[in-house]
>>> print(open('protein.cif').read())   # mmCIF, C-alpha atoms
data_input
loop_
_atom_site.group_PDB
_atom_site.id
_atom_site.type_symbol
_atom_site.label_atom_id
_atom_site.label_comp_id
_atom_site.auth_asym_id
_atom_site.auth_seq_id
_atom_site.Cartn_x
_atom_site.Cartn_y
_atom_site.Cartn_z
ATOM 1 C CA MET H 1 16.773 -13.226 78.960
ATOM 2 C CA ARG H 2 13.501 -14.823 77.909
ATOM 3 C CA ALA H 3 11.988 -11.360 77.132
ATOM 4 C CA PHE H 4 15.049 -10.391 75.122
ATOM 5 C CA THR H 5 14.781 -13.550 73.082
ATOM 6 C CA HIS H 6 11.086 -12.936 72.389
ATOM 7 C CA ARG H 7 11.715 -9.340 71.245
ATOM 8 C CA THR H 8 14.628 -10.438 69.085
ATOM 9 C CA ALA H 9 12.586 -13.187 67.436
ATOM 10 C CA ARG H 10 9.728 -10.742 66.740
ATOM 11 C CA LYS H 11 12.155 -8.225 65.192
ATOM 12 C CA ILE H 12 13.636 -10.901 62.944
ATOM 13 C CA ALA H 13 10.144 -11.932 61.826
ATOM 14 C CA LEU H 14 9.248 -8.319 60.929
ATOM 15 C CA VAL H 15 12.451 -7.870 58.940
ATOM 16 C CA ALA H 16 11.806 -11.104 57.076
ATOM 17 C CA ALA H 17 8.245 -10.012 56.239
ATOM 18 C CA ALA H 18 9.421 -6.629 54.967
ATOM 19 C CA THR H 19 12.075 -8.293 52.825
ATOM 20 C CA ALA H 20 9.501 -10.659 51.326
ATOM 21 C CA THR H 21 7.179 -7.736 50.579
ATOM 22 C CA GLY H 22 9.991 -5.847 48.854
ATOM 23 C CA LEU H 23 10.828 -8.848 46.705
ATOM 24 C CA LEU H 24 7.163 -9.226 45.750
ATOM 25 C CA LEU H 25 6.890 -5.569 44.742
ATOM 26 C CA SER H 26 10.067 -5.737 42.662
ATOM 27 C CA ALA H 27 8.735 -8.831 40.876
ATOM 28 C CA CYS H 28 5.461 -7.130 39.965
ATOM 29 C CA GLY H 29 5.913 -3.445 39.161
ATOM 30 C CA THR H 30 4.690 -0.991 36.566
ATOM 31 C CA ASP H 31 6.269 0.239 33.375
ATOM 32 C CA GLU H 32 6.559 3.851 32.254
ATOM 33 C CA ALA H 33 3.033 3.755 30.829
ATOM 34 C CA GLY H 34 1.615 2.682 34.189
ATOM 35 C CA ASN H 35 0.890 -0.874 33.029
ATOM 36 C CA THR H 36 1.583 -3.773 35.346
ATOM 37 C CA LYS H 37 4.567 -5.841 34.255
ATOM 38 C CA HIS H 38 5.394 -9.291 35.536
ATOM 39 C CA HIS H 39 8.880 -10.727 35.744
ATOM 40 C CA GLY H 40 9.133 -14.373 34.868
ATOM 41 C CA GLY H 41 6.431 -16.591 33.414
ATOM 42 C CA ALA H 42 5.099 -16.089 29.886
ATOM 43 C CA PRO H 43 6.655 -13.200 27.871
ATOM 44 C CA ALA H 44 4.539 -10.128 27.133
ATOM 45 C CA ASP H 45 2.669 -10.046 23.829
ATOM 46 C CA THR H 46 4.562 -7.641 21.576
ATOM 47 C CA SER H 47 2.560 -8.282 18.433
ATOM 48 C CA ALA H 48 0.881 -5.454 16.493
ATOM 49 C CA SER H 49 -2.522 -6.661 17.692
ATOM 50 C CA ALA H 50 -1.479 -6.092 21.295
ATOM 51 C CA SER H 51 -0.104 -2.621 20.645
ATOM 52 C CA PRO H 52 -2.409 0.332 21.441
ATOM 53 C CA SER H 53 -1.124 2.093 18.329
ATOM 54 C CA ALA H 54 -2.312 -0.710 16.039
ATOM 55 C CA SER H 55 -5.766 0.901 15.802
ATOM 56 C CA ALA H 56 -4.827 4.442 16.683
ATOM 57 C CA SER H 57 -5.858 5.891 13.339
ATOM 58 C CA PRO H 58 -8.153 5.119 10.377
ATOM 59 C CA THR H 59 -5.072 4.674 8.180
ATOM 60 C CA ALA H 60 -3.648 2.060 10.520
ATOM 61 C CA SER H 61 -6.937 0.171 10.634
ATOM 62 C CA VAL H 62 -7.237 0.172 6.850
ATOM 63 C CA ALA H 63 -3.654 -1.050 6.504
ATOM 64 C CA GLY H 64 -4.485 -3.773 8.995
ATOM 65 C CA ALA H 65 -7.385 -4.868 6.783
ATOM 66 C CA ALA H 66 -4.821 -5.676 4.078
ATOM 67 C CA ALA H 67 -2.606 -7.590 6.484
ATOM 68 C CA GLY H 68 -1.246 -10.956 5.523
ATOM 69 C CA ALA H 69 0.968 -12.230 2.774
ATOM 70 C CA PHE H 70 1.462 -10.009 -0.271
ATOM 71 C CA ASN H 71 3.656 -10.122 -3.347
ATOM 72 C CA ASP H 72 5.011 -7.839 -6.062
ATOM 73 C CA ALA H 73 1.772 -8.130 -8.051
ATOM 74 C CA ASP H 74 -0.227 -6.738 -5.115
ATOM 75 C CA VAL H 75 2.194 -3.833 -4.724
ATOM 76 C CA MET H 76 2.172 -3.027 -8.438
ATOM 77 C CA PHE H 77 -1.621 -3.210 -8.557
ATOM 78 C CA ALA H 78 -1.928 -0.562 -5.842
ATOM 79 C CA GLN H 79 0.875 1.615 -7.213
ATOM 80 C CA MET H 80 -0.649 1.658 -10.700
ATOM 81 C CA MET H 81 -4.308 1.824 -9.753
ATOM 82 C CA ILE H 82 -3.829 4.893 -7.548
ATOM 83 C CA PRO H 83 -2.845 7.274 -10.409
ATOM 84 C CA HIS H 84 -5.345 5.517 -12.679
ATOM 85 C CA HIS H 85 -8.169 6.259 -10.248
ATOM 86 C CA GLU H 86 -6.876 9.794 -9.714
ATOM 87 C CA GLN H 87 -7.159 10.513 -13.425
ATOM 88 C CA ALA H 88 -10.690 9.112 -13.483
ATOM 89 C CA LEU H 89 -11.559 11.598 -10.738
ATOM 90 C CA GLU H 90 -9.999 14.424 -12.770
ATOM 91 C CA MET H 91 -12.173 13.429 -15.724
ATOM 92 C CA ALA H 92 -15.231 13.298 -13.483
ATOM 93 C CA GLU H 93 -14.492 16.796 -12.161
ATOM 94 C CA LEU H 94 -14.574 18.138 -15.710
ATOM 95 C CA ALA H 95 -18.206 17.061 -15.958
ATOM 96 C CA ASP H 96 -19.208 19.844 -13.573
ATOM 97 C CA GLY H 97 -20.781 22.556 -15.745
ATOM 98 C CA ARG H 98 -20.079 20.611 -18.955
ATOM 99 C CA ALA H 99 -22.094 17.388 -18.840
ATOM 100 C CA GLU H 100 -25.667 17.474 -20.067
ATOM 101 C CA ASP H 101 -26.855 13.868 -20.150
ATOM 102 C CA ALA H 102 -28.521 12.651 -16.941
ATOM 103 C CA GLU H 103 -26.960 9.192 -17.217
ATOM 104 C CA VAL H 104 -23.494 10.677 -17.638
ATOM 105 C CA LYS H 105 -24.020 12.795 -14.518
ATOM 106 C CA LYS H 106 -25.183 9.708 -12.623
ATOM 107 C CA LEU H 107 -22.089 7.767 -13.682
ATOM 108 C CA VAL H 108 -19.833 10.680 -12.752
ATOM 109 C CA ALA H 109 -21.285 10.660 -9.224
ATOM 110 C CA ALA H 110 -20.793 6.892 -8.960
ATOM 111 C CA ILE H 111 -17.154 7.183 -10.061
ATOM 112 C CA GLU H 112 -16.439 9.893 -7.504
ATOM 113 C CA GLN H 113 -18.165 7.958 -4.726
ATOM 114 C CA ALA H 114 -16.303 4.710 -5.391
ATOM 115 C CA GLN H 115 -12.830 5.652 -6.499
ATOM 116 C CA ASP H 116 -11.717 8.225 -3.929
ATOM 117 C CA PRO H 117 -12.178 5.806 -0.987
ATOM 118 C CA GLU H 118 -10.378 3.110 -2.988
ATOM 119 C CA ILE H 119 -7.415 5.445 -3.486
ATOM 120 C CA GLN H 120 -7.200 6.006 0.262
ATOM 121 C CA LYS H 121 -7.363 2.265 0.922
ATOM 122 C CA MET H 122 -4.558 1.482 -1.510
ATOM 123 C CA LYS H 123 -2.347 4.247 -0.138
ATOM 124 C CA ALA H 124 -2.847 2.815 3.347
ATOM 125 C CA TRP H 125 -1.982 -0.683 2.145
ATOM 126 C CA LEU H 126 1.284 0.492 0.623
ATOM 127 C CA LYS H 127 2.149 2.318 3.825
ATOM 128 C CA GLY H 128 1.386 -0.800 5.843
ATOM 129 C CA TRP H 129 3.497 -2.904 3.482
ATOM 130 C CA GLY H 130 6.397 -0.454 3.695
ATOM 131 C CA LYS H 131 6.225 0.311 -0.031
ATOM 132 C CA PRO H 132 6.208 3.690 -1.859
ATOM 133 C CA GLU H 133 2.975 4.993 -3.369
ATOM 134 C CA SER H 134 4.606 5.323 -6.769
ATOM 135 C CA ALA H 135 6.779 2.865 -8.639
ATOM 136 C CA GLY H 136 8.250 5.761 -10.609
ATOM 137 C CA HIS H 137 6.301 5.134 -13.812
ATOM 138 C CA GLY H 138 4.176 8.254 -13.336
ATOM 139 C CA GLY H 139 1.206 6.582 -14.950
ATOM 140 C CA HIS H 140 2.869 6.310 -18.337
ATOM 141 C CA GLY H 141 2.229 3.140 -20.272
ATOM 142 C CA MET H 142 -0.708 2.065 -18.128
ATOM 143 C CA ALA H 143 -3.700 0.758 -20.018
ATOM 144 C CA GLY H 144 -6.471 3.291 -20.523
ATOM 145 C CA MET H 145 -4.597 6.361 -19.278
ATOM 146 C CA MET H 146 -5.483 9.607 -21.041
ATOM 147 C CA SER H 147 -2.826 11.823 -22.535
ATOM 148 C CA GLU H 148 -2.527 15.463 -21.573
ATOM 149 C CA GLN H 149 -4.034 16.349 -24.933
ATOM 150 C CA ASP H 150 -7.005 14.042 -24.298
ATOM 151 C CA MET H 151 -7.711 15.886 -21.068
ATOM 152 C CA LYS H 152 -7.446 19.281 -22.749
ATOM 153 C CA ASP H 153 -9.807 18.189 -25.541
ATOM 154 C CA LEU H 154 -12.349 16.953 -22.987
ATOM 155 C CA ALA H 155 -12.182 20.223 -21.058
ATOM 156 C CA ALA H 156 -12.763 22.210 -24.265
ATOM 157 C CA VAL H 157 -16.250 20.832 -25.017
ATOM 158 C CA LYS H 158 -19.691 21.088 -23.392
ATOM 159 C CA GLY H 159 -23.155 19.584 -23.639
ATOM 160 C CA LYS H 160 -23.667 16.547 -25.869
ATOM 161 C CA ALA H 161 -20.177 16.919 -27.296
ATOM 162 C CA PHE H 162 -18.774 16.557 -23.784
ATOM 163 C CA ASP H 163 -21.094 13.650 -22.963
ATOM 164 C CA ARG H 164 -19.999 11.787 -26.083
ATOM 165 C CA ARG H 165 -16.289 12.416 -25.599
ATOM 166 C CA PHE H 166 -16.477 11.648 -21.884
ATOM 167 C CA ALA H 167 -18.177 8.323 -22.581
ATOM 168 C CA GLU H 168 -15.596 7.369 -25.223
ATOM 169 C CA LEU H 169 -12.635 8.233 -23.009
ATOM 170 C CA MET H 170 -14.065 6.721 -19.833
ATOM 171 C CA ILE H 171 -14.837 3.448 -21.602
ATOM 172 C CA ALA H 172 -11.179 3.185 -22.624
ATOM 173 C CA HIS H 173 -10.095 4.252 -19.143
ATOM 174 C CA HIS H 174 -12.305 1.685 -17.410
ATOM 175 C CA GLU H 175 -11.175 -1.047 -19.793
ATOM 176 C CA GLY H 176 -7.604 -0.324 -18.713
ATOM 177 C CA ALA H 177 -8.572 -0.565 -15.045
ATOM 178 C CA VAL H 178 -10.360 -3.871 -15.640
ATOM 179 C CA GLU H 179 -7.288 -5.186 -17.436
ATOM 180 C CA MET H 180 -5.044 -4.314 -14.470
ATOM 181 C CA ALA H 181 -7.548 -5.772 -12.019
ATOM 182 C CA GLU H 182 -7.648 -9.031 -13.980
ATOM 183 C CA VAL H 183 -3.872 -9.294 -13.668
ATOM 184 C CA GLU H 184 -4.162 -8.785 -9.906
ATOM 185 C CA ARG H 185 -6.865 -11.446 -9.648
ATOM 186 C CA LYS H 186 -4.574 -13.875 -11.466
ATOM 187 C CA ASN H 187 -1.181 -13.045 -9.945
ATOM 188 C CA GLY H 188 -1.879 -11.277 -6.631
ATOM 189 C CA ARG H 189 -1.524 -12.926 -3.241
ATOM 190 C CA ASN H 190 -3.104 -10.554 -0.730
ATOM 191 C CA ALA H 191 -6.756 -11.429 -0.131
ATOM 192 C CA THR H 192 -7.881 -7.838 0.462
ATOM 193 C CA ALA H 193 -6.152 -6.530 -2.669
ATOM 194 C CA LYS H 194 -7.674 -9.322 -4.739
ATOM 195 C CA ALA H 195 -11.110 -8.522 -3.308
ATOM 196 C CA LEU H 196 -10.729 -4.910 -4.465
ATOM 197 C CA ALA H 197 -9.689 -6.173 -7.889
ATOM 198 C CA ASP H 198 -12.923 -8.176 -7.987
ATOM 199 C CA ASP H 199 -14.873 -5.006 -7.158
ATOM 200 C CA VAL H 200 -13.090 -3.048 -9.898
ATOM 201 C CA VAL H 201 -13.866 -5.687 -12.513
ATOM 202 C CA ARG H 202 -17.515 -5.934 -11.511
ATOM 203 C CA THR H 203 -18.237 -2.225 -11.012
ATOM 204 C CA GLN H 204 -16.334 -0.824 -13.948
ATOM 205 C CA SER H 205 -17.563 -3.499 -16.365
ATOM 206 C CA THR H 206 -21.111 -2.457 -15.445
ATOM 207 C CA GLU H 207 -20.251 1.205 -16.004
ATOM 208 C CA ILE H 208 -18.672 0.391 -19.381
ATOM 209 C CA SER H 209 -21.964 -1.169 -20.463
ATOM 210 C CA ALA H 210 -23.882 1.907 -19.293
ATOM 211 C CA LEU H 211 -21.498 4.271 -21.115
ATOM 212 C CA ARG H 212 -21.869 2.300 -24.327
ATOM 213 C CA LYS H 213 -25.629 2.708 -24.081
ATOM 214 C CA VAL H 214 -25.092 6.452 -23.682
ATOM 215 C CA LEU H 215 -23.057 6.505 -26.890
ATOM 216 C CA ASP H 216 -25.774 4.586 -28.692
ATOM 217 C CA ARG H 217 -28.287 7.270 -27.724
ATOM 218 C CA LEU H 218 -26.198 10.320 -28.541
#
>>> encode(input="protein.cif", output="structure tokens")
Amino acid sequence: MRAFTHRTARKIALVAAATATGLLLSACGTDEAGNTKHHGGAPADTSASASPSASASPTASVAGAAAGAFNDADVMFAQMMIPHHEQALEMAELADGRAEDAEVKKLVAAIEQAQDPEIQKMKAWLKGWGKPESAGHGGHGMAGMMSEQDMKDLAAVKGKAFDRRFAELMIAHHEGAVEMAEVERKNGRNATAKALADDVVRTQSTEISALRKVLDRL
């Protein structure tokens, strides 16, 4: 009888231990991704910063750089400056094989180097903000935008004639960009967008001065 009681007690102890182990394993398992998940205690961090996809691509990281509060002025700034920059790049492309002045060529290279990355940044911001790239205005009515005829006239000339016309048109184009950037600096809310507006004002104002000097020489 004593032996039976000892064996029974040992069996009960083993069952109790197995049950406790099972409960422990069910309380601390793994999710479908193989990550340990804990039941009870503090909730898991579900913020974008904790998500592996938050930095999965360059676009996502750029959008993250413009995170924070934004308003309609920030959205409009990006939506309008994208086509504005794109036209500046189209004008710069026309300089290939047409421009003659060394300073004009230098400014063309600077425009291409600065404005294409800025376009990509602004597109990423709008994606991160859940806003469309275009507000539907198609670039019409924006300060400094060239007409289709302006672009055709620029493409039709070469040498000093091109340099002169390019400088005249790009001055007007840059002045329009500076005007839009000033509005963003005044009315925008997003710190990253306002910082880009500062860059546009500073860089393009400097280039306007250089283009005016070109005109004075030609």
>>> atom_distance(input="protein.cif", atom1="atom CA of Ala155 of chain H", atom2="atom CA of Ala109 of chain H")
17.7 Å
>>> resolve_selection(input="protein.cif", expression="the PyMOL selection byres ((chain H and resi 145) around 10)", output="ChimeraX atom specification")
/H:83-85,87-88,139-144,146-148,150,169-170,172-177
>>> residues_around(input="protein.cif", residues="Lys105 of chain H", least_positions_apart="2", cutoff="12 Å", atoms="all atoms listed in the file", output="VMD selection string")
chain H and resid 91 to 103 107 to 112 159 to 160 162 to 163 166 to 167 210 to 211 214
>>> atom_distance(input="protein.cif", atom1="atom CA of Glu168 of chain H", atom2="atom CA of Leu215 of chain H")
7.7 Å
>>> residues_near_point(input="protein.cif", point="(-7.1, -10.2, -3.2)", cutoff="12 Å", atoms="all atoms listed in the file", output="count of residues only")
32
>>> closest_residue(input="protein.cif", among="H:Glu86, H:Leu154, H:Gln79, H:Arg165", to="Trp125 of chain H", atoms="only C-alpha atoms")
H:Gln79
>>> atom_distance(input="protein.cif", atom1="atom CA of Thr206 of chain H", atom2="atom CA of Val104 of chain H")
13.5 Å
